[in-house]
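A.B. asks: Input file: input-v4.txt. Contents: compact mmCIF, C-alpha atoms and all ligand atoms.
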# COMPACT_ATOMS: atom_id res chain seq x y z
CA MET C 1 0.00 0.00 0.00
CA ILE C 2 1.11 3.54 -0.69
CA ARG C 3 0.99 5.97 2.23
CA TYR C 4 0.30 9.62 1.44
CA CYS C 5 1.12 12.83 3.24
CA LYS C 6 -1.80 13.91 5.42
CA LEU C 7 -1.69 17.46 4.01
CA CYS C 8 -0.71 17.09 0.35
CA LEU C 9 -0.70 14.15 -2.08
CA LEU C 10 2.96 13.12 -2.08
CA PRO C 11 3.46 9.39 -1.52
CA ASP C 12 6.00 7.69 0.72
CA THR C 13 7.32 5.95 -2.40
CA LYS C 14 8.95 9.22 -3.49
CA PRO C 15 12.74 8.83 -3.09
CA ASP C 16 14.26 10.88 -0.24
CA LEU C 17 10.86 12.10 0.98
CA PHE C 18 10.74 12.06 4.76
CA PHE C 19 7.56 11.91 6.82
CA ASN C 20 7.28 13.14 10.40
CA PRO C 21 5.52 11.03 13.08
CA GLU C 22 2.26 12.90 12.32
CA GLY C 23 2.37 11.66 8.73
CA ILE C 24 3.31 15.03 7.21
CA CYS C 25 5.88 15.11 4.42
CA ALA C 26 9.10 17.10 4.40
CA ALA C 27 7.88 19.33 1.54
CA CYS C 28 4.86 20.45 3.61
CA THR C 29 7.07 20.92 6.68
CA ALA C 30 9.56 23.00 4.67
CA TYR C 31 6.75 25.09 3.19
CA ALA C 32 5.26 25.79 6.64
CA ALA C 33 8.72 26.87 7.86
CA ARG C 34 8.84 29.51 5.11
CA LYS C 35 6.17 31.50 6.94
CA GLU C 36 8.71 32.07 9.73
CA VAL C 37 11.33 33.42 7.32
CA ASP C 38 12.13 37.13 7.36
CA TRP C 39 12.29 37.59 3.60
CA LYS C 40 13.39 41.21 3.82
CA THR C 41 16.54 40.15 5.69
CA ARG C 42 17.12 37.29 3.26
CA GLU C 43 16.84 39.70 0.29
CA GLU C 44 19.34 42.08 1.88
CA SER C 45 21.76 39.25 2.58
CA PHE C 46 21.47 38.16 -1.05
CA ILE C 47 22.33 41.62 -2.37
CA LYS C 48 25.22 41.92 0.07
CA LEU C 49 26.59 38.51 -0.89
CA VAL C 50 26.39 39.27 -4.63
CA ARG C 51 28.16 42.59 -4.10
CA GLU C 52 30.94 41.03 -2.02
CA ILE C 53 31.59 38.26 -4.53
CA ASN C 54 31.69 40.70 -7.42
CA VAL C 55 33.99 43.19 -5.69
CA LYS C 56 36.35 40.35 -4.81
CA HIS C 57 36.47 38.73 -8.24
CA ARG C 58 35.79 41.60 -10.66
CA SER C 59 34.09 39.22 -13.05
CA PRO C 60 32.87 40.43 -16.44
CA TRP C 61 29.25 39.55 -15.67
CA ASP C 62 27.57 39.80 -12.26
CA CYS C 63 26.41 36.20 -12.29
CA ILE C 64 25.51 33.20 -14.39
CA VAL C 65 21.84 32.32 -14.59
CA PRO C 66 21.17 28.82 -15.92
CA VAL C 67 18.07 29.12 -18.12
CA SER C 68 15.86 26.49 -19.69
CA GLY C 69 13.55 29.11 -21.16
CA GLY C 70 10.76 28.05 -18.83
CA LYS C 71 8.60 30.19 -16.56
CA ASP C 72 10.98 29.86 -13.62
CA SER C 73 14.10 30.86 -15.48
CA THR C 74 12.23 33.75 -17.12
CA ALA C 75 11.20 34.99 -13.67
CA GLN C 76 14.76 34.47 -12.40
CA VAL C 77 16.20 36.63 -15.17
CA LEU C 78 13.60 39.32 -14.50
CA LYS C 79 14.56 39.28 -10.82
CA MET C 80 18.25 39.78 -11.72
CA LEU C 81 17.34 42.73 -13.95
CA GLU C 82 15.11 44.18 -11.22
CA LEU C 83 18.16 44.06 -8.90
CA ASN C 84 20.21 45.89 -11.56
CA LEU C 85 22.45 42.89 -12.16
CA ASN C 86 23.91 41.99 -15.55
CA PRO C 87 23.62 38.20 -15.83
CA LEU C 88 25.21 35.88 -18.36
CA CYS C 89 22.43 33.42 -19.09
CA VAL C 90 23.49 29.88 -19.97
CA ASN C 91 21.20 27.45 -21.71
CA SER C 92 21.85 23.78 -22.20
CA THR C 93 19.75 22.67 -25.17
CA THR C 94 17.08 20.12 -24.25
CA CYS C 95 17.00 16.62 -25.76
CA ASP C 96 14.07 17.25 -28.11
CA LEU C 97 13.47 21.00 -28.14
CA SER C 98 9.89 22.02 -28.89
CA GLU C 99 8.83 25.00 -30.95
CA ILE C 100 7.30 26.74 -27.94
CA GLY C 101 10.49 26.06 -25.95
CA ARG C 102 12.49 27.76 -28.69
CA PHE C 103 10.08 30.73 -28.64
CA ASN C 104 10.40 31.18 -24.87
CA LEU C 105 14.19 30.95 -24.96
CA GLN C 106 14.24 33.69 -27.58
CA ASN C 107 11.90 35.67 -25.34
CA ILE C 108 14.48 35.56 -22.51
CA LYS C 109 17.14 37.05 -24.80
CA ASN C 110 14.72 39.84 -25.63
CA LEU C 111 14.38 40.76 -21.96
CA GLY C 112 17.80 42.33 -22.56
CA VAL C 113 20.47 39.85 -21.51
CA ASP C 114 23.50 38.04 -22.94
CA LEU C 115 22.76 34.37 -23.45
CA VAL C 116 24.98 31.43 -24.35
CA GLU C 117 23.24 28.43 -25.86
CA PHE C 118 25.28 25.26 -25.52
CA SER C 119 24.09 22.24 -27.50
CA PRO C 120 25.96 19.04 -26.72
CA ASP C 121 26.47 16.75 -29.74
CA PRO C 122 22.90 15.59 -30.55
CA VAL C 123 24.08 12.28 -32.03
CA VAL C 124 25.79 11.40 -28.75
CA ARG C 125 22.84 12.83 -26.81
CA ARG C 126 20.43 10.44 -28.50
CA LYS C 127 22.68 7.51 -27.54
CA LEU C 128 22.70 8.79 -23.95
CA ASN C 129 18.90 9.11 -23.98
CA ARG C 130 18.64 5.45 -24.86
CA ILE C 131 21.30 4.40 -22.34
CA GLY C 132 19.51 6.43 -19.65
CA LEU C 133 16.15 4.86 -20.50
CA GLU C 134 17.43 1.29 -20.71
CA GLN C 135 19.88 1.38 -17.80
CA VAL C 136 18.16 3.53 -15.17
CA GLY C 137 14.69 4.13 -16.60
CA ASP C 138 15.27 7.81 -17.27
CA ILE C 139 15.36 9.10 -20.84
CA SER C 140 16.21 12.56 -19.47
CA TRP C 141 19.34 11.41 -17.67
CA PRO C 142 21.79 13.29 -19.97
CA GLU C 143 19.62 16.41 -19.89
CA HIS C 144 19.53 16.47 -16.10
CA VAL C 145 23.28 15.99 -15.92
CA GLY C 146 23.91 18.73 -18.50
CA ILE C 147 21.58 21.20 -16.79
CA PHE C 148 23.83 21.01 -13.72
CA THR C 149 27.26 20.70 -15.36
CA ILE C 150 27.12 23.08 -18.33
CA PRO C 151 26.39 26.30 -16.39
CA VAL C 152 29.17 25.40 -13.93
CA ARG C 153 31.57 24.75 -16.81
CA ALA C 154 30.51 28.14 -18.22
CA ALA C 155 31.25 29.79 -14.87
CA VAL C 156 34.79 28.40 -15.03
CA GLN C 157 35.22 29.21 -18.72
CA PHE C 158 33.91 32.80 -18.54
CA LYS C 159 35.39 33.38 -15.07
CA VAL C 160 32.06 34.31 -13.47
CA PRO C 161 32.12 32.94 -9.91
CA LEU C 162 28.48 33.37 -8.96
CA ILE C 163 25.78 31.04 -10.28
CA ILE C 164 22.16 31.79 -9.40
CA TRP C 165 20.09 28.61 -9.50
CA GLY C 166 16.32 28.63 -9.05
CA GLU C 167 14.55 26.60 -6.42
CA ASN C 168 16.14 24.05 -4.15
CA SER C 169 14.05 21.07 -5.26
CA GLN C 170 14.73 19.43 -1.90
CA ASN C 171 12.89 22.31 -0.22
CA GLU C 172 10.07 22.65 -2.76
CA TYR C 173 9.40 18.93 -3.24
CA GLY C 174 10.77 17.45 -0.02
CA GLY C 175 14.13 16.15 1.12
CA PRO C 176 16.30 15.75 4.21
CA ALA C 177 15.98 18.86 6.38
CA SER C 178 19.63 19.89 6.26
CA ASP C 179 19.66 19.71 2.45
CA ALA C 180 16.25 21.36 2.11
CA LEU C 181 17.50 24.39 4.03
CA SER C 182 20.69 24.66 2.01
CA ASN C 183 21.32 27.91 0.18
CA THR C 184 24.08 26.56 -2.05
CA LEU C 185 24.32 24.00 -4.82
CA THR C 186 27.53 22.01 -4.56
CA ARG C 187 29.00 18.95 -6.20
CA LYS C 188 27.72 16.92 -3.25
CA TRP C 189 24.16 18.23 -3.75
CA LEU C 190 24.36 17.40 -7.44
CA GLU C 191 25.59 13.87 -6.79
CA GLU C 192 22.83 13.27 -4.23
CA TYR C 193 19.87 14.96 -5.87
CA GLY C 194 20.83 15.84 -9.44
CA GLY C 195 19.18 12.69 -10.75
CA LEU C 196 22.27 10.65 -11.60
CA LEU C 197 20.54 7.44 -10.39
CA GLY C 198 23.78 5.56 -9.97
CA LEU C 199 24.81 5.90 -13.62
CA ARG C 200 28.10 7.78 -13.66
CA VAL C 201 29.41 9.90 -16.51
CA SER C 202 32.84 8.37 -15.95
CA ASP C 203 31.43 4.89 -16.74
CA LEU C 204 29.99 5.80 -20.14
CA HIS C 205 33.21 5.47 -22.10
CA GLU C 206 34.16 2.01 -20.94
CA ALA C 207 30.67 0.54 -20.63
CA PHE C 208 29.08 1.98 -23.78
CA GLY C 209 31.96 3.11 -25.96
CA ILE C 210 31.06 6.82 -25.89
CA PRO C 211 34.30 8.67 -26.78
CA GLN C 212 35.76 10.55 -23.80
CA ASN C 213 35.93 13.81 -25.71
CA LYS C 214 32.18 13.63 -26.40
CA LEU C 215 31.48 13.50 -22.69
CA ILE C 216 33.19 16.79 -21.82
CA PRO C 217 29.92 18.75 -21.35
CA TYR C 218 28.66 16.19 -18.83
CA PHE C 219 31.62 16.37 -16.46
CA TYR C 220 31.46 18.70 -13.48
CA PRO C 221 34.60 20.89 -13.36
CA THR C 222 37.41 19.76 -11.06
CA ASP C 223 37.79 21.22 -7.56
CA GLU C 224 40.93 23.06 -8.72
CA GLU C 225 39.05 24.71 -11.59
CA LEU C 226 36.20 25.71 -9.29
CA GLN C 227 38.56 27.12 -6.67
CA GLU C 228 40.53 29.10 -9.21
CA VAL C 229 37.40 31.04 -10.20
CA GLY C 230 35.80 30.80 -6.75
CA VAL C 231 32.55 29.33 -8.07
CA THR C 232 29.59 29.59 -5.69
CA GLY C 233 26.11 28.40 -6.62
CA LEU C 234 23.18 29.96 -4.74
CA PHE C 235 19.53 28.97 -4.76
CA LEU C 236 17.39 32.03 -5.45
CA GLY C 237 14.52 30.23 -3.70
CA HIS C 238 16.45 30.59 -0.45
CA TYR C 239 16.41 34.39 -0.66
CA PHE C 240 13.06 35.10 -2.29
CA PRO C 241 9.78 33.20 -1.76
CA TRP C 242 9.50 30.68 -4.59
CA ASP C 243 6.21 29.83 -6.29
CA GLY C 244 5.70 28.23 -9.69
CA LEU C 245 2.38 29.92 -10.43
CA SER C 246 3.65 33.39 -9.47
CA ASN C 247 6.70 32.81 -11.66
CA TYR C 248 4.40 31.90 -14.52
CA LEU C 249 2.29 35.04 -14.11
CA ILE C 250 5.40 37.24 -14.00
CA ALA C 251 6.88 35.45 -17.03
CA GLN C 252 3.62 35.65 -18.95
CA ALA C 253 3.42 39.40 -18.39
CA ASN C 254 6.85 39.56 -20.04
CA GLY C 255 6.25 37.66 -23.25
CA PHE C 256 6.40 34.03 -22.07
CA LYS C 257 3.95 31.76 -23.91
CA SER C 258 2.12 28.78 -22.43
CA PHE C 259 0.90 25.71 -24.35
CA GLY C 260 -2.75 26.79 -24.36
CA LYS C 261 -4.09 23.43 -23.17
CA THR C 262 -3.21 21.09 -20.31
CA ILE C 263 0.02 19.26 -21.04
CA GLU C 264 -0.30 15.49 -21.25
CA GLY C 265 0.27 13.92 -17.79
CA SER C 266 0.34 17.33 -16.09
CA MET C 267 -2.47 19.52 -14.77
CA VAL C 268 -1.32 22.88 -16.12
CA ASP C 269 -0.28 24.36 -19.47
CA TYR C 270 2.65 26.49 -18.38
CA GLU C 271 5.57 24.25 -17.41
CA ASN C 272 7.79 21.58 -18.99
CA LEU C 273 7.22 23.11 -22.40
CA ASP C 274 10.66 22.72 -23.87
CA ASN C 275 11.26 19.01 -24.42
CA HIS C 276 9.07 16.44 -26.16
CA GLN C 277 10.74 13.66 -24.12
CA THR C 278 9.49 15.00 -20.78
CA GLY C 279 6.28 12.94 -21.02
CA ILE C 280 8.36 9.75 -21.10
CA HIS C 281 10.45 10.95 -18.15
CA ASP C 282 7.33 11.69 -16.08
CA TYR C 283 5.67 8.41 -17.05
CA PHE C 284 8.66 6.42 -15.79
CA LYS C 285 8.49 8.28 -12.50
CA TYR C 286 4.90 7.06 -12.24
CA LEU C 287 5.85 3.47 -13.11
CA LYS C 288 8.70 3.41 -10.60
CA PHE C 289 7.25 5.42 -7.73
CA GLY C 290 3.49 5.65 -8.33
CA PHE C 291 3.21 9.39 -8.84
CA GLY C 292 3.64 11.80 -11.73
CA ARG C 293 3.85 15.49 -12.50
CA ALA C 294 0.18 16.20 -11.69
CA THR C 295 0.82 15.00 -8.11
CA ASP C 296 3.76 17.40 -7.76
CA ILE C 297 1.84 20.40 -9.04
CA ALA C 298 -1.39 19.57 -7.19
CA SER C 299 0.62 19.22 -3.98
CA THR C 300 2.32 22.61 -4.34
CA ASN C 301 -1.11 24.17 -4.91
CA ILE C 302 -2.73 22.35 -1.98
CA ARG C 303 0.04 23.66 0.28
CA ARG C 304 -0.66 27.19 -0.91
CA GLY C 305 -4.39 26.80 -0.28
CA ARG C 306 -5.34 27.23 -3.94
CA ILE C 307 -7.12 23.89 -4.15
CA THR C 308 -8.30 21.50 -1.46
CA ARG C 309 -6.69 18.10 -0.98
CA GLU C 310 -9.93 16.51 -2.29
CA GLN C 311 -9.92 18.64 -5.43
CA GLY C 312 -6.27 17.78 -5.97
CA LEU C 313 -7.03 14.10 -5.55
CA GLY C 314 -9.73 14.26 -8.24
CA ILE C 315 -7.30 15.92 -10.66
CA VAL C 316 -4.52 13.46 -9.90
CA LYS C 317 -6.78 10.43 -10.37
CA GLU C 318 -7.75 11.71 -13.78
CA LEU C 319 -4.46 13.10 -15.10
CA ASP C 320 -1.45 11.72 -13.26
CA GLY C 321 1.00 9.34 -14.88
CA ARG C 322 -0.72 9.34 -18.26
CA TYR C 323 0.73 6.94 -20.83
CA PRO C 324 2.87 9.23 -23.04
CA SER C 325 1.14 8.50 -26.36
CA SER C 326 2.02 12.12 -27.18
CA CYS C 327 3.92 14.95 -25.55
CA LEU C 328 3.38 18.61 -26.40
CA GLY C 329 1.46 17.38 -29.41
CA LYS C 330 4.23 15.11 -30.80
CA LYS C 331 3.39 11.42 -31.19
CA LEU C 332 5.27 8.84 -29.12
CA SER C 333 6.53 7.00 -32.22
CA GLU C 334 8.05 10.26 -33.52
CA ILE C 335 9.71 10.90 -30.16
CA LEU C 336 11.15 7.35 -29.99
CA ASP C 337 12.27 7.13 -33.61
CA PRO C 338 15.41 9.32 -33.26
CA ILE C 339 16.66 7.19 -30.36
CA GLY C 340 16.10 4.01 -32.35
CA LEU C 341 13.20 2.48 -30.42
CA THR C 342 9.82 1.19 -31.56
CA GLU C 343 6.72 1.48 -29.37
CA ASN C 344 6.89 -2.27 -28.69
CA GLU C 345 10.49 -2.06 -27.53
CA PHE C 346 9.51 0.92 -25.43
CA GLY C 347 6.72 -1.14 -23.83
CA VAL C 348 9.20 -3.84 -22.83
CA ILE C 349 11.40 -1.22 -21.11
CA CYS C 350 8.33 0.23 -19.37
CA ASP C 351 7.46 -3.20 -17.97
CA ARG C 352 11.01 -3.71 -16.76
CA PHE C 353 10.87 -0.52 -14.67
CA THR C 354 7.30 -0.90 -13.40
CA ASN C 355 7.04 -1.44 -9.65
CA THR C 356 4.14 -3.86 -9.93
CA THR C 357 3.36 -3.64 -6.19
CA LEU C 358 2.10 -0.06 -6.73
CA PHE C 359 -0.64 -0.98 -9.23
CA SER C 360 -3.96 -2.86 -9.14
CA LYS C 361 -4.08 -6.28 -10.79
CA ASP C 362 -6.77 -8.58 -12.19
CA HIS C 363 -7.14 -12.21 -11.05
CA ASN C 364 -4.45 -13.26 -13.54
CA GLY C 365 -2.00 -10.89 -11.94
CA ASP C 366 -1.99 -8.48 -14.91
CA ILE C 367 -1.91 -4.77 -14.13
CA LEU C 368 -5.26 -3.01 -14.58
CA ARG C 369 -5.12 -0.10 -16.99
CA LYS C 370 -7.25 2.83 -18.10
CA PRO C 371 -8.37 2.78 -21.77
CA ASP C 372 -5.29 4.87 -22.67
CA GLN C 373 -2.97 2.16 -21.15
CA THR C 374 -2.17 4.14 -17.98
CA PRO C 375 -1.73 1.67 -15.09
CA ILE C 376 -4.22 2.17 -12.23
CA LYS C 377 -2.69 2.66 -8.82
CA ILE C 378 -3.33 0.28 -5.97
CA ASN C 379 -4.62 3.04 -3.67
CA TYR C 380 -5.05 6.81 -3.97
CA THR C 381 -5.82 7.59 -0.38
CA ASN C 382 -4.44 6.35 2.90
CA VAL C 383 -5.80 2.94 3.77
CA GLU C 384 -6.18 2.81 7.52
ZN ZN C 401 2.90 16.94 2.17
Output the structure of this file as C-alpha cells.
Ligand SMILES: [Zn+2]
C.D. replies:
Amino acid sequence: MIRYCKLCLLPDTKPDLFFNPEGICAACTAYAARKEVDWKTREESFIKLVREINVKHRSPWDCIVPVSGGKDSTAQVLKMLELNLNPLCVNSTTCDLSEIGRFNLQNIKNLGVDLVEFSPDPVVRRKLNRIGLEQVGDISWPEHVGIFTIPVRAAVQFKVPLIIWGENSQNEYGGPASDALSNTLTRKWLEEYGGLLGLRVSDLHEAFGIPQNKLIPYFYPTDEELQEVGVTGLFLGHYFPWDGLSNYLIAQANGFKSFGKTIEGSMVDYENLDNHQTGIHDYFKYLKFGFGRATDIASTNIRRGRITREQGLGIVKELDGRYPSSCLGKKLSEILDPIGLTENEFGVICDRFTNTTLFSKDHNGDILRKPDQTPIKINYTNVE
C-alpha cells in the first residue's frame, strides 16, 4: 500500500521524501517553515553577498543564470534585472526541443540579456537518452546531468564565480531537512539529488563506448578549476519566496507563452514546455514510484491553499502518470524514432521498470489499466 502525506498528495514511495511522526511530508514541513522566514533580511543578505563576490572577483558579468527558457528561469532573469544585475544566461539545449520552448528561450534574450546556448552533440545525446532509459529508466538522464554541469563549466570558462540557481528542489518537493534548508548547490548536492541514479558519466566510455571527448559537457569541473574562479552556486529560492504559479504570471506578463491546453500527464499548461521527451520521463516516474507530474503540481497548490486536498485528488486520479502517447502534441513514435526504439520495444522497457506492487491487478495478476494504457494505482488515499 502507498501511504500519502496527510496534508498534500505526495506518496512515501517518493525517493528521499521524509515523513514526520504525524504523517506530514518534508515538503509540507519546509513550506510551513517559510512562513517564519524574514524575507526582507534574506533579500538584503542576497544583495550583500552578490556585491561582495563581485567586488572580490571583478568578473565580467555579475552572475551566471542557468536558463531552460521556462517560466521559472524567465522569472529568475527578471529578478536579476530588477536588482540591476547583468547576468550571463546559460542554456543547455534540451534533448528534443519544442517550438514553444524555442520561442520562450528567444523571449528571454529579448528581456535584454546576454545568453549562451550550448548544444551538446545531438548524435551522442540520442545515444545517452537510450542508455539512460534502458539502464536507469530515465530518458532525461543526460539532460539532467547537463543542466547542472554546463552552467558550472561556463562559470569556469567565462570566469564568473556566482551562479544563481532557481529553487532548491529538496525544499520545494521534499528532502532531508539539512539539504532542504541549504542555500548553495555544490557537487555533493548534485551527486545526491541531481538525478544521476547511480549511472556515472565516468562509466559511459568504458561501458558503452562513448568517446571521452564527447562526454566533456557532462563532467562537473574539477575542484581546482572551481577554486581558481571561486565558483559559488546559490539557490534564489532561499532568498526570495519561490512559487511556480507566481513565476508563470510574472513570465507571462513579459512575453512568455504557455501551451494553451493542459500538457499530457500534467495539470497545467505552463511548465515543462521545452522538451518532447518529458512525457516519457514523467511516465517512468509514475511506473517506478506511483506518482507523476500532476501529483507534484497539485501538492504545491494544496500547500498554498489554492485547491483542497480533495480537489487535488480528483485531478490526480484523472491526469497523473498518463501513458505518453504524445507529448506537447508530438506522437510517441516520432519521439522514440530518433533514439532508435519502436513502441513495442519501449513497452518492454516500461514493464522492466514498473514497480508492480504499486498498481492494481486482475485475477491473472496483470496490471489493470485505463483505456489509454495508464496503469491504475493500488490506492489513492491512505488505507487505515
Ligand atoms: Zn505533504
A.B. asks: Could you work out how far CA of Pro151 in chain C lies from CA of Pro217 in chain C, giving the answer in Å with one decimal?
C.D. replies: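 Atom-to-atom, CA of Pro217 in chain C to CA of Pro151 in chain C, that is 9.7 Å.
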A.B. asks: Applying 8 Å and all atoms listed in the file, which residues near Asn107 in chain C remain after dropping the ones on its own chain fewer than 2 positions away? List them as a count of residues only.
C.D. replies: 9
A.B. asks: So which one's closest to ligand ZN 401 (chain C), C:Ile131, C:Ile302, C:Val231, C:Val65? Using only C-alpha atoms and all ligand atoms, please.
C.D. replies: C:Ile302
A.B. asks: Considering all atoms listed in the file, can you say which of C:Asp114, C:Asp351, C:Asp296, C:Asp274 comes closest to ligand ZN 401 (chain C)?
C.D. replies: C:Asp296
A.B. asks: Could you produce a table of the residues of chain C lying within 12 Å of ligand ZN 401 (chain C), with the nearest pair of atoms per residue and their separation in Å rounded to one decimal, using all atoms listed in the file, ordered by chain and increasing residue number, as JSON lines?
C.D. replies:
{"residue": "C:Arg3", "atom": "CA", "partner": "C:ZN401", "partner_atom": "ZN", "distance": 11.1}
{"residue": "C:Tyr4", "atom": "CA", "partner": "C:ZN401", "partner_atom": "ZN", "distance": 7.8}
{"residue": "C:Cys5", "atom": "CA", "partner": "C:ZN401", "partner_atom": "ZN", "distance": 4.6}
{"residue": "C:Lys6", "atom": "CA", "partner": "C:ZN401", "partner_atom": "ZN", "distance": 6.5}
{"residue": "C:Leu7", "atom": "CA", "partner": "C:ZN401", "partner_atom": "ZN", "distance": 5.0}
{"residue": "C:Cys8", "atom": "CA", "partner": "C:ZN401", "partner_atom": "ZN", "distance": 4.0}
{"residue": "C:Leu9", "atom": "CA", "partner": "C:ZN401", "partner_atom": "ZN", "distance": 6.2}
{"residue": "C:Leu10", "atom": "CA", "partner": "C:ZN401", "partner_atom": "ZN", "distance": 5.7}
{"residue": "C:Pro11", "atom": "CA", "partner": "C:ZN401", "partner_atom": "ZN", "distance": 8.4}
{"residue": "C:Asp12", "atom": "CA", "partner": "C:ZN401", "partner_atom": "ZN", "distance": 9.9}
{"residue": "C:Lys14", "atom": "CA", "partner": "C:ZN401", "partner_atom": "ZN", "distance": 11.3}
{"residue": "C:Leu17", "atom": "CA", "partner": "C:ZN401", "partner_atom": "ZN", "distance": 9.4}
{"residue": "C:Phe18", "atom": "CA", "partner": "C:ZN401", "partner_atom": "ZN", "distance": 9.6}
{"residue": "C:Phe19", "atom": "CA", "partner": "C:ZN401", "partner_atom": "ZN", "distance": 8.3}
{"residue": "C:Asn20", "atom": "CA", "partner": "C:ZN401", "partner_atom": "ZN", "distance": 10.1}
{"residue": "C:Glu22", "atom": "CA", "partner": "C:ZN401", "partner_atom": "ZN", "distance": 10.9}
{"residue": "C:Gly23", "atom": "CA", "partner": "C:ZN401", "partner_atom": "ZN", "distance": 8.4}
{"residue": "C:Ile24", "atom": "CA", "partner": "C:ZN401", "partner_atom": "ZN", "distance": 5.4}
{"residue": "C:Cys25", "atom": "CA", "partner": "C:ZN401", "partner_atom": "ZN", "distance": 4.2}
{"residue": "C:Ala26", "atom": "CA", "partner": "C:ZN401", "partner_atom": "ZN", "distance": 6.6}
{"residue": "C:Ala27", "atom": "CA", "partner": "C:ZN401", "partner_atom": "ZN", "distance": 5.6}
{"residue": "C:Cys28", "atom": "CA", "partner": "C:ZN401", "partner_atom": "ZN", "distance": 4.3}
{"residue": "C:Thr29", "atom": "CA", "partner": "C:ZN401", "partner_atom": "ZN", "distance": 7.3}
{"residue": "C:Ala30", "atom": "CA", "partner": "C:ZN401", "partner_atom": "ZN", "distance": 9.3}
{"residue": "C:Tyr31", "atom": "CA", "partner": "C:ZN401", "partner_atom": "ZN", "distance": 9.1}
{"residue": "C:Ala32", "atom": "CA", "partner": "C:ZN401", "partner_atom": "ZN", "distance": 10.2}
{"residue": "C:Asn171", "atom": "CA", "partner": "C:ZN401", "partner_atom": "ZN", "distance": 11.6}
{"residue": "C:Glu172", "atom": "CA", "partner": "C:ZN401", "partner_atom": "ZN", "distance": 10.4}
{"residue": "C:Tyr173", "atom": "CA", "partner": "C:ZN401", "partner_atom": "ZN", "distance": 8.7}
{"residue": "C:Gly174", "atom": "CA", "partner": "C:ZN401", "partner_atom": "ZN", "distance": 8.2}
{"residue": "C:Gly175", "atom": "CA", "partner": "C:ZN401", "partner_atom": "ZN", "distance": 11.3}
{"residue": "C:Thr295", "atom": "CA", "partner": "C:ZN401", "partner_atom": "ZN", "distance": 10.7}
{"residue": "C:Asp296", "atom": "CA", "partner": "C:ZN401", "partner_atom": "ZN", "distance": 10.0}
{"residue": "C:Ile297", "atom": "CA", "partner": "C:ZN401", "partner_atom": "ZN", "distance": 11.8}
{"residue": "C:Ala298", "atom": "CA", "partner": "C:ZN401", "partner_atom": "ZN", "distance": 10.6}
{"residue": "C:Ser299", "atom": "CA", "partner": "C:ZN401", "partner_atom": "ZN", "distance": 6.9}
{"residue": "C:Thr300", "atom": "CA", "partner": "C:ZN401", "partner_atom": "ZN", "distance": 8.7}
{"residue": "C:Asn301", "atom": "CA", "partner": "C:ZN401", "partner_atom": "ZN", "distance": 10.9}
{"residue": "C:Ile302", "atom": "CA", "partner": "C:ZN401", "partner_atom": "ZN", "distance": 8.8}
{"residue": "C:Arg303", "atom": "CA", "partner": "C:ZN401", "partner_atom": "ZN", "distance": 7.5}
{"residue": "C:Arg304", "atom": "CA", "partner": "C:ZN401", "partner_atom": "ZN", "distance": 11.3}
{"residue": "C:Arg309", "atom": "CA", "partner": "C:ZN401", "partner_atom": "ZN", "distance": 10.2}
A.B. asks: Select, from C:Ala33, C:Leu358, C:Cys95, C:Ile378, the residue with the minimum atom-to-atom distance to Gln277 in chain C, counting all atoms listed in the file.
C.D. replies: C:Cys95
A.B. asks: Every residue with an atom at most 12 Å from (2.3, 9.7, -29.1) (file coordinates; all atoms listed in the file) is what I'm after, so could you write them as a compact mmCIF listing (two decimals) with C-alpha atoms, in the frame of the given file?
C.D. replies:
# COMPACT_ATOMS: atom_id res chain seq x y z
CA GLU C 264 -0.30 15.49 -21.25
CA HIS C 276 9.07 16.44 -26.16
CA GLN C 277 10.74 13.66 -24.12
CA GLY C 279 6.28 12.94 -21.02
CA ILE C 280 8.36 9.75 -21.10
CA ARG C 322 -0.72 9.34 -18.26
CA TYR C 323 0.73 6.94 -20.83
CA PRO C 324 2.87 9.23 -23.04
CA SER C 325 1.14 8.50 -26.36
CA SER C 326 2.02 12.12 -27.18
CA CYS C 327 3.92 14.95 -25.55
CA LEU C 328 3.38 18.61 -26.40
CA GLY C 329 1.46 17.38 -29.41
CA LYS C 330 4.23 15.11 -30.80
CA LYS C 331 3.39 11.42 -31.19
CA LEU C 332 5.27 8.84 -29.12
CA SER C 333 6.53 7.00 -32.22
CA GLU C 334 8.05 10.26 -33.52
CA ILE C 335 9.71 10.90 -30.16
CA LEU C 336 11.15 7.35 -29.99
CA ASP C 337 12.27 7.13 -33.61
CA THR C 342 9.82 1.19 -31.56
CA GLU C 343 6.72 1.48 -29.37
CA PHE C 346 9.51 0.92 -25.43
CA ASP C 372 -5.29 4.87 -22.67
A.B. asks: Please write out, as JSON, where the centre of an axis-aligned box around all listed atoms of range 46-58 of chain C lies and how long its edges are, in Å to one decimal, after adding 4 Å on each side.
C.D. replies:
{"center_x": 29.0, "center_y": 40.7, "center_z": -5.3, "size_x": 23.0, "size_y": 13.0, "size_z": 18.7}
